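Printed here is start08.pdb (PDB, C-alpha atoms):
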ATOM      1  CA  MET W  27      -9.880 124.568 109.206  1.00  0.00           C
ATOM      2  CA  LYS W  28     -10.045 121.058 107.722  1.00  0.00           C
ATOM      3  CA  LYS W  29     -11.466 122.505 104.491  1.00  0.00           C
ATOM      4  CA  ILE W  30      -8.558 124.938 104.178  1.00  0.00           C
ATOM      5  CA  ILE W  31      -5.997 122.175 104.739  1.00  0.00           C
ATOM      6  CA  PHE W  32      -7.814 119.953 102.251  1.00  0.00           C
ATOM      7  CA  LEU W  33      -7.937 122.741  99.621  1.00  0.00           C
ATOM      8  CA  ALA W  34      -4.272 123.584 100.168  1.00  0.00           C
ATOM      9  CA  SER W  35      -3.341 119.898  99.740  1.00  0.00           C
ATOM     10  CA  ALA W  36      -5.448 119.577  96.592  1.00  0.00           C
ATOM     11  CA  VAL W  37      -3.868 122.701  95.071  1.00  0.00           C
ATOM     12  CA  PHE W  38      -0.368 121.406  95.891  1.00  0.00           C
ATOM     13  CA  VAL W  39      -1.072 117.984  94.322  1.00  0.00           C
ATOM     14  CA  LEU W  40      -2.598 119.508  91.187  1.00  0.00           C
ATOM     15  CA  HIS W  41       0.303 121.940  90.843  1.00  0.00           C
ATOM     16  CA  SER W  42       2.879 119.135  91.098  1.00  0.00           C
ATOM     17  CA  CYS W  43       0.983 117.072  88.484  1.00  0.00           C
ATOM     18  CA  VAL W  44       0.920 119.997  86.054  1.00  0.00           C
ATOM     19  CA  VAL W  45       4.635 120.692  86.545  1.00  0.00           C
ATOM     20  CA  SER W  46       5.645 117.031  86.093  1.00  0.00           C
ATOM     21  CA  THR W  47       3.443 116.681  82.994  1.00  0.00           C
ATOM     22  CA  ALA W  48       4.941 119.836  81.478  1.00  0.00           C
ATOM     23  CA  ALA W  49       8.443 118.517  82.191  1.00  0.00           C
ATOM     24  CA  LYS W  50       7.610 115.254  80.399  1.00  0.00           C
ATOM     25  CA  VAL W  51       6.267 117.157  77.383  1.00  0.00           C
ATOM     26  CA  VAL W  52       9.441 119.252  77.161  1.00  0.00           C
ATOM     27  CA  LYS W  53      11.641 116.178  77.546  1.00  0.00           C
ATOM     28  CA  GLY W  54       9.647 114.377  74.827  1.00  0.00           C
ATOM     29  CA  ALA W  55      10.004 117.331  72.477  1.00  0.00           C
ATOM     30  CA  VAL W  56      13.774 117.374  73.054  1.00  0.00           C
ATOM     31  CA  ASN W  57      14.025 113.647  72.264  1.00  0.00           C
ATOM     32  CA  VAL W  58      11.985 114.015  69.084  1.00  0.00           C
ATOM     33  CA  SER W  59      14.015 116.978  67.869  1.00  0.00           C
ATOM     34  CA  TYR W  60      17.260 115.127  68.607  1.00  0.00           C
ATOM     35  CA  LYS W  61      16.270 112.160  66.444  1.00  0.00           C
ATOM     36  CA  ALA W  62      14.916 114.228  63.528  1.00  0.00           C
ATOM     37  CA  VAL W  63      17.586 115.241  61.039  1.00  0.00           C
ATOM     38  CA  LYS W  64      16.697 117.274  57.988  1.00  0.00           C
ATOM     39  CA  GLY W  65      18.489 117.829  54.719  1.00  0.00           C
ATOM     40  CA  THR W  66      17.933 117.952  50.993  1.00  0.00           C
ATOM     41  CA  VAL W  67      19.266 115.495  48.442  1.00  0.00           C
ATOM     42  CA  ASN W  68      18.820 116.222  44.750  1.00  0.00           C
ATOM     43  CA  GLY W  69      15.884 118.496  45.576  1.00  0.00           C
ATOM     44  CA  ILE W  70      14.180 115.821  47.716  1.00  0.00           C
ATOM     45  CA  SER W  71      13.729 116.494  51.398  1.00  0.00           C
ATOM     46  CA  TRP W  72      15.566 114.008  53.563  1.00  0.00           C
ATOM     47  CA  ALA W  73      13.742 114.452  56.868  1.00  0.00           C
ATOM     48  CA  VAL W  74      14.861 111.413  58.819  1.00  0.00           C
ATOM     49  CA  SER W  75      13.415 110.244  62.091  1.00  0.00           C
ATOM     50  CA  LYS W  76      13.030 106.676  63.251  1.00  0.00           C
ATOM     51  CA  ALA W  77       9.479 105.320  63.203  1.00  0.00           C
ATOM     52  CA  LYS W  78       8.011 105.006  66.706  1.00  0.00           C
ATOM     53  CA  GLY W  79       6.061 101.790  66.118  1.00  0.00           C
ATOM     54  CA  LYS W  80       5.216  99.037  63.679  1.00  0.00           C
ATOM     55  CA  ILE W  81       5.112 100.109  60.040  1.00  0.00           C
ATOM     56  CA  ASP W  82       2.388  98.516  57.941  1.00  0.00           C
ATOM     57  CA  GLU W  83       4.039  96.317  55.306  1.00  0.00           C
ATOM     58  CA  ASP W  84       1.740  97.696  52.590  1.00  0.00           C
ATOM     59  CA  ARG W  85       3.501 101.074  52.905  1.00  0.00           C
ATOM     60  CA  VAL W  86       6.702  99.663  51.370  1.00  0.00           C
ATOM     61  CA  ASP W  87       4.807  98.281  48.358  1.00  0.00           C
ATOM     62  CA  GLY W  88       5.773  99.730  44.967  1.00  0.00           C
ATOM     63  CA  THR W  89       8.789 100.862  43.006  1.00  0.00           C
ATOM     64  CA  TRP W  90      11.351 103.024  44.814  1.00  0.00           C
ATOM     65  CA  LYS W  91      14.307 104.733  43.154  1.00  0.00           C
ATOM     66  CA  VAL W  92      17.499 105.362  45.084  1.00  0.00           C
ATOM     67  CA  VAL W  93      18.178 109.101  45.296  1.00  0.00           C
ATOM     68  CA  GLY W  94      20.620 109.328  48.197  1.00  0.00           C
ATOM     69  CA  ALA W  95      23.152 107.296  50.131  1.00  0.00           C
ATOM     70  CA  TYR W  96      24.986 108.181  53.334  1.00  0.00           C
ATOM     71  CA  LYS W  97      28.332 106.651  54.265  1.00  0.00           C
ATOM     72  CA  GLY W  98      27.636 105.505  57.789  1.00  0.00           C
ATOM     73  CA  SER W  99      24.834 104.300  60.023  1.00  0.00           C
ATOM     74  CA  PHE W 100      21.650 106.087  61.081  1.00  0.00           C
ATOM     75  CA  GLU W 101      23.281 106.969  64.419  1.00  0.00           C
ATOM     76  CA  ASP W 102      26.245 108.502  62.556  1.00  0.00           C
ATOM     77  CA  PHE W 103      23.775 110.447  60.414  1.00  0.00           C
ATOM     78  CA  THR W 104      21.881 111.825  63.436  1.00  0.00           C
ATOM     79  CA  ASN W 105      25.146 112.983  65.046  1.00  0.00           C
ATOM     80  CA  ASP W 106      26.631 114.462  61.854  1.00  0.00           C
ATOM     81  CA  GLN W 107      26.465 118.255  61.828  1.00  0.00           C
ATOM     82  CA  ASN W 108      26.647 118.438  58.047  1.00  0.00           C
ATOM     83  CA  PRO W 109      25.387 115.177  56.526  1.00  0.00           C
ATOM     84  CA  GLU W 110      25.919 114.926  52.803  1.00  0.00           C
ATOM     85  CA  SER W 111      24.685 112.307  50.421  1.00  0.00           C
ATOM     86  CA  SER W 112      27.431 110.476  48.578  1.00  0.00           C
ATOM     87  CA  PHE W 113      25.185 108.871  45.964  1.00  0.00           C
ATOM     88  CA  THR W 114      25.989 109.248  42.305  1.00  0.00           C
ATOM     89  CA  SER W 115      24.344 106.948  39.824  1.00  0.00           C
ATOM     90  CA  ASP W 116      26.230 105.137  37.064  1.00  0.00           C
ATOM     91  CA  CYS W 117      22.996 104.956  35.070  1.00  0.00           C
ATOM     92  CA  THR W 118      22.827 106.949  31.850  1.00  0.00           C
ATOM     93  CA  GLU W 119      19.270 105.770  31.207  1.00  0.00           C
ATOM     94  CA  GLY W 120      16.954 104.700  33.999  1.00  0.00           C
ATOM     95  CA  PHE W 121      17.873 104.597  37.690  1.00  0.00           C
ATOM     96  CA  ASP W 122      18.845 102.299  40.542  1.00  0.00           C
ATOM     97  CA  GLN W 123      15.660 101.031  42.143  1.00  0.00           C
ATOM     98  CA  ILE W 124      14.093  98.440  44.390  1.00  0.00           C
ATOM     99  CA  ILE W 125      10.648  96.966  43.753  1.00  0.00           C
ATOM    100  CA  PHE W 126       8.574  95.647  46.660  1.00  0.00           C
ATOM    101  CA  LYS W 127       5.555  93.374  46.255  1.00  0.00           C
ATOM    102  CA  ALA W 128       4.192  93.364  49.793  1.00  0.00           C
ATOM    103  CA  LYS W 129       1.336  90.951  49.114  1.00  0.00           C
ATOM    104  CA  LYS W 130       3.810  88.305  47.971  1.00  0.00           C
ATOM    105  CA  SER W 131       6.543  89.346  50.466  1.00  0.00           C
ATOM    106  CA  LYS W 132       9.242  89.685  47.860  1.00  0.00           C
ATOM    107  CA  PHE W 133      11.500  92.415  46.517  1.00  0.00           C
ATOM    108  CA  LYS W 134      13.873  92.914  43.614  1.00  0.00           C
ATOM    109  CA  PRO W 135      16.803  95.342  43.486  1.00  0.00           C
ATOM    110  CA  VAL W 136      17.304  96.576  39.928  1.00  0.00           C
ATOM    111  CA  HIS W 137      20.325  98.447  38.605  1.00  0.00           C
ATOM    112  CA  CYS W 138      19.567 101.101  35.964  1.00  0.00           C
ATOM    113  CA  SER W 139      15.929  99.961  35.606  1.00  0.00           C
ATOM    114  CA  SER W 140      16.874  97.308  33.086  1.00  0.00           C
ATOM    115  CA  GLU W 141      18.938  94.452  34.516  1.00  0.00           C
ATOM    116  CA  LYS W 142      17.104  91.240  35.230  1.00  0.00           C
ATOM    117  CA  GLU W 143      17.416  90.361  38.904  1.00  0.00           C
ATOM    118  CA  ASP W 144      15.810  87.549  40.826  1.00  0.00           C
ATOM    119  CA  TRP W 145      12.947  88.159  43.241  1.00  0.00           C
ATOM    120  CA  VAL W 146      13.988  87.720  46.873  1.00  0.00           C
ATOM    121  CA  LYS W 147      11.518  86.483  49.524  1.00  0.00           C
ATOM    122  CA  TYR W 148      11.505  88.506  52.722  1.00  0.00           C
ATOM    123  CA  SER W 149       9.621  88.949  55.960  1.00  0.00           C
ATOM    124  CA  MET W 150       9.050  92.330  57.551  1.00  0.00           C
ATOM    125  CA  GLU W 151       9.199  92.291  61.338  1.00  0.00           C
ATOM    126  CA  PHE W 152       8.886  94.732  64.210  1.00  0.00           C
ATOM    127  CA  GLY W 153      11.036  93.709  67.136  1.00  0.00           C
ATOM    128  CA  LYS W 154      14.641  93.360  68.219  1.00  0.00           C
ATOM    129  CA  ASN W 155      16.804  93.479  65.105  1.00  0.00           C
ATOM    130  CA  PRO W 156      19.529  90.793  65.439  1.00  0.00           C
ATOM    131  CA  VAL W 157      22.130  93.120  63.894  1.00  0.00           C
ATOM    132  CA  THR W 158      21.461  96.422  65.673  1.00  0.00           C
ATOM    133  CA  LYS W 159      20.008  94.884  68.865  1.00  0.00           C
ATOM    134  CA  GLU W 160      17.340  97.637  68.862  1.00  0.00           C
ATOM    135  CA  LYS W 161      13.565  97.341  68.681  1.00  0.00           C
ATOM    136  CA  GLU W 162      12.724  98.523  65.187  1.00  0.00           C
ATOM    137  CA  ASN W 163      11.118  97.643  61.860  1.00  0.00           C
ATOM    138  CA  TYR W 164      13.349  95.442  59.753  1.00  0.00           C
ATOM    139  CA  ILE W 165      13.315  93.211  56.706  1.00  0.00           C
ATOM    140  CA  GLU W 166      14.878  89.764  56.926  1.00  0.00           C
ATOM    141  CA  TYR W 167      15.858  87.998  53.709  1.00  0.00           C
ATOM    142  CA  ASN W 168      18.011  84.996  52.798  1.00  0.00           C
ATOM    143  CA  SER W 169      17.736  83.863  56.456  1.00  0.00           C
ATOM    144  CA  ASN W 170      20.578  86.019  57.874  1.00  0.00           C
ATOM    145  CA  ASN W 171      20.449  89.352  56.027  1.00  0.00           C
ATOM    146  CA  TYR W 172      18.705  92.354  57.551  1.00  0.00           C
ATOM    147  CA  ILE W 173      17.684  95.803  56.326  1.00  0.00           C
ATOM    148  CA  SER W 174      16.371  98.294  58.881  1.00  0.00           C
ATOM    149  CA  VAL W 175      13.315 100.261  57.778  1.00  0.00           C
ATOM    150  CA  ILE W 176      13.943 103.657  59.386  1.00  0.00           C
ATOM    151  CA  ASP W 177      10.750 105.256  58.088  1.00  0.00           C
ATOM    152  CA  VAL W 178       8.305 105.198  55.165  1.00  0.00           C
ATOM    153  CA  ASN W 179       5.784 107.770  53.990  1.00  0.00           C
ATOM    154  CA  ASN W 180       3.864 108.153  50.742  1.00  0.00           C
ATOM    155  CA  LYS W 181       6.822 109.841  48.984  1.00  0.00           C
ATOM    156  CA  THR W 182      10.049 108.646  50.588  1.00  0.00           C
ATOM    157  CA  MET W 183      11.540 105.676  52.412  1.00  0.00           C
ATOM    158  CA  VAL W 184      14.784 105.456  54.388  1.00  0.00           C
ATOM    159  CA  LEU W 185      16.500 102.072  54.702  1.00  0.00           C
ATOM    160  CA  GLU W 186      19.672 101.076  56.541  1.00  0.00           C
ATOM    161  CA  GLY W 187      21.740  98.042  55.669  1.00  0.00           C
ATOM    162  CA  ASN W 188      23.333  96.271  52.736  1.00  0.00           C
ATOM    163  CA  LEU W 189      20.798  97.396  50.168  1.00  0.00           C
ATOM    164  CA  MET W 190      23.204  97.956  47.272  1.00  0.00           C
ATOM    165  CA  PRO W 191      26.410  95.897  47.440  1.00  0.00           C
ATOM    166  CA  LYS W 192      28.235  98.132  44.913  1.00  0.00           C
ATOM    167  CA  LEU W 193      27.783 101.132  47.269  1.00  0.00           C
ATOM    168  CA  ALA W 194      28.307  99.135  50.469  1.00  0.00           C
ATOM    169  CA  PHE W 195      31.954  98.586  49.524  1.00  0.00           C
ATOM    170  CA  SER W 196      32.468 102.350  49.780  1.00  0.00           C
ATOM    171  CA  GLY W 197      30.785 102.444  53.217  1.00  0.00           C
ATOM    172  CA  ALA W 198      27.224 103.451  52.286  1.00  0.00           C
ATOM    173  CA  LYS W 199      24.690 102.094  54.770  1.00  0.00           C
ATOM    174  CA  LEU W 200      21.788 104.579  54.831  1.00  0.00           C
ATOM    175  CA  TYR W 201      19.633 105.020  51.722  1.00  0.00           C
ATOM    176  CA  LEU W 202      16.989 107.541  50.738  1.00  0.00           C
ATOM    177  CA  LEU W 203      14.462 106.239  48.232  1.00  0.00           C
ATOM    178  CA  GLU W 204      11.744 108.129  46.376  1.00  0.00           C
ATOM    179  CA  LYS W 205       8.473 106.445  45.362  1.00  0.00           C
ATOM    180  CA  VAL W 206       8.115 106.068  41.607  1.00  0.00           C
ATOM    181  CA  LYS W 207       4.743 104.346  41.335  1.00  0.00           C
TER     182      LYS W 207
END
Just give me the structure as structure tokens.
Amino acid sequence: MKKIIFLASAVFVLHSCVVSTAAKVVKGAVNVSYKAVKGTVNGISWAVSKAKGKIDEDRVDGTWKVVGAYKGSFEDFTNDQNPESSFTSDCTEGFDQIIFKAKKSKFKPVHCSSEKEDWVKYSMEFGKNPVTKEKENYIEYNSNNYISVIDVNNKTMVLEGNLMPKLAFSGAKLYLLEKVK
């Protein structure tokens, strides 16, 4: 009799563990799908989801050309049913770009690949961003300016903040960049 009660208890406990684990998996999948927004800008896939942890600073290293800009924040973008990029370049030759030198912790925004800009020292952090008040990857430069690093892969990078002042006046806050080299 004790064995039957013990077996029944064990089966009940195991069943409840399986059900609760399955519920967590489903809930996790819903959260991931909610935060992932997909679209295409100039033939480049804009699959945006916020990075779940610290991004290695070496991943931002290189030359990135701006291919898309969204008027609004990342939260606005995730809630937008039909997000469209509002980026049009003034460049007849070259392109708007940003160059990161991770080993020296400096970057340089360049308009139309030709203007001489100064290198700006930065520090890349993972923690509570003073502007958004969220735990995320961000770049701090000039002591009080912040750019959120939404995500980076080997082909694209998504940044949020005052990356390009000429577009920020029109409300652009979210930028899609494509790796050049």
Could you list, as JSON, numbers by chain, every residue matched by the PyMOL selection byres ((chain W and resi 98) around 7) in this structure? {"W": [96, 97, 99, 100, 102, 103, 197, 198, 199, 200]}
With C-alpha atoms retained, export the selected residues as a tab-separated table (two decimals), in the coordinates of the input.
chain	number	residue	atom	x	y	z
W	96	TYR	CA	24.99	108.18	53.33
W	97	LYS	CA	28.33	106.65	54.26
W	99	SER	CA	24.83	104.30	60.02
W	100	PHE	CA	21.65	106.09	61.08
W	102	ASP	CA	26.24	108.50	62.56
W	103	PHE	CA	23.78	110.45	60.41
W	197	GLY	CA	30.78	102.44	53.22
W	198	ALA	CA	27.22	103.45	52.29
W	199	LYS	CA	24.69	102.09	54.77
W	200	LEU	CA	21.79	104.58	54.83
Mind listing whatever residues come within 7 Å of the point (11.1, 91.9, 62.8)? Use only C-alpha atoms, file coordinates, and give them as a tab-separated table (two decimals) with C-alpha atoms, in the frame of the given file.
chain	number	residue	atom	x	y	z
W	150	MET	CA	9.05	92.33	57.55
W	151	GLU	CA	9.20	92.29	61.34
W	152	PHE	CA	8.89	94.73	64.21
W	153	GLY	CA	11.04	93.71	67.14
W	154	LYS	CA	14.64	93.36	68.22
W	155	ASN	CA	16.80	93.48	65.10
W	163	ASN	CA	11.12	97.64	61.86
W	164	TYR	CA	13.35	95.44	59.75
W	165	ILE	CA	13.32	93.21	56.71
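What separates atom CA of Val92 of chain W from atom CA of Lys205 of chain W is a distance of 9.1 Å.
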Can you tell me, as a list in words, which residues sit within 10 Å of (11.8, 102.3, 67.4) in the file's frame, using all atoms listed in the file?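 Applying the cut-off with all atoms listed in the file, one gets Ser75, Lys76, Ala77, Lys78, Gly79, Lys80, Phe152, Gly153, Lys154, Glu160, Lys161, Glu162, Asn163, Val175, Ile176 and Asp177 of chain W.
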Provide the atom CA of Tyr201 of chain W to atom CA of Gly187 of chain W distance in Å, to one decimal place.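 Going from atom CA of Tyr201 of chain W over to atom CA of Gly187 of chain W covers 8.3 Å.
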Got a sec: who's within 7 Å of Tyr148 of chain W, counting only C-alpha atoms, leaving out chain neighbours fewer than 3 positions off, as an MDAnalysis selection string? chainID W and resid 131:132 165:167
Can you report as AutoDock Vina command-line options the centre and edge lengths in Å, to one decimal, of an axis-aligned box around the listed atoms of segment 148-159 of chain W padded with 8 Å on each side?
--center_x 15.5 --center_y 92.5 --center_z 60.8 --size_x 29.2 --size_y 23.9 --size_z 32.1
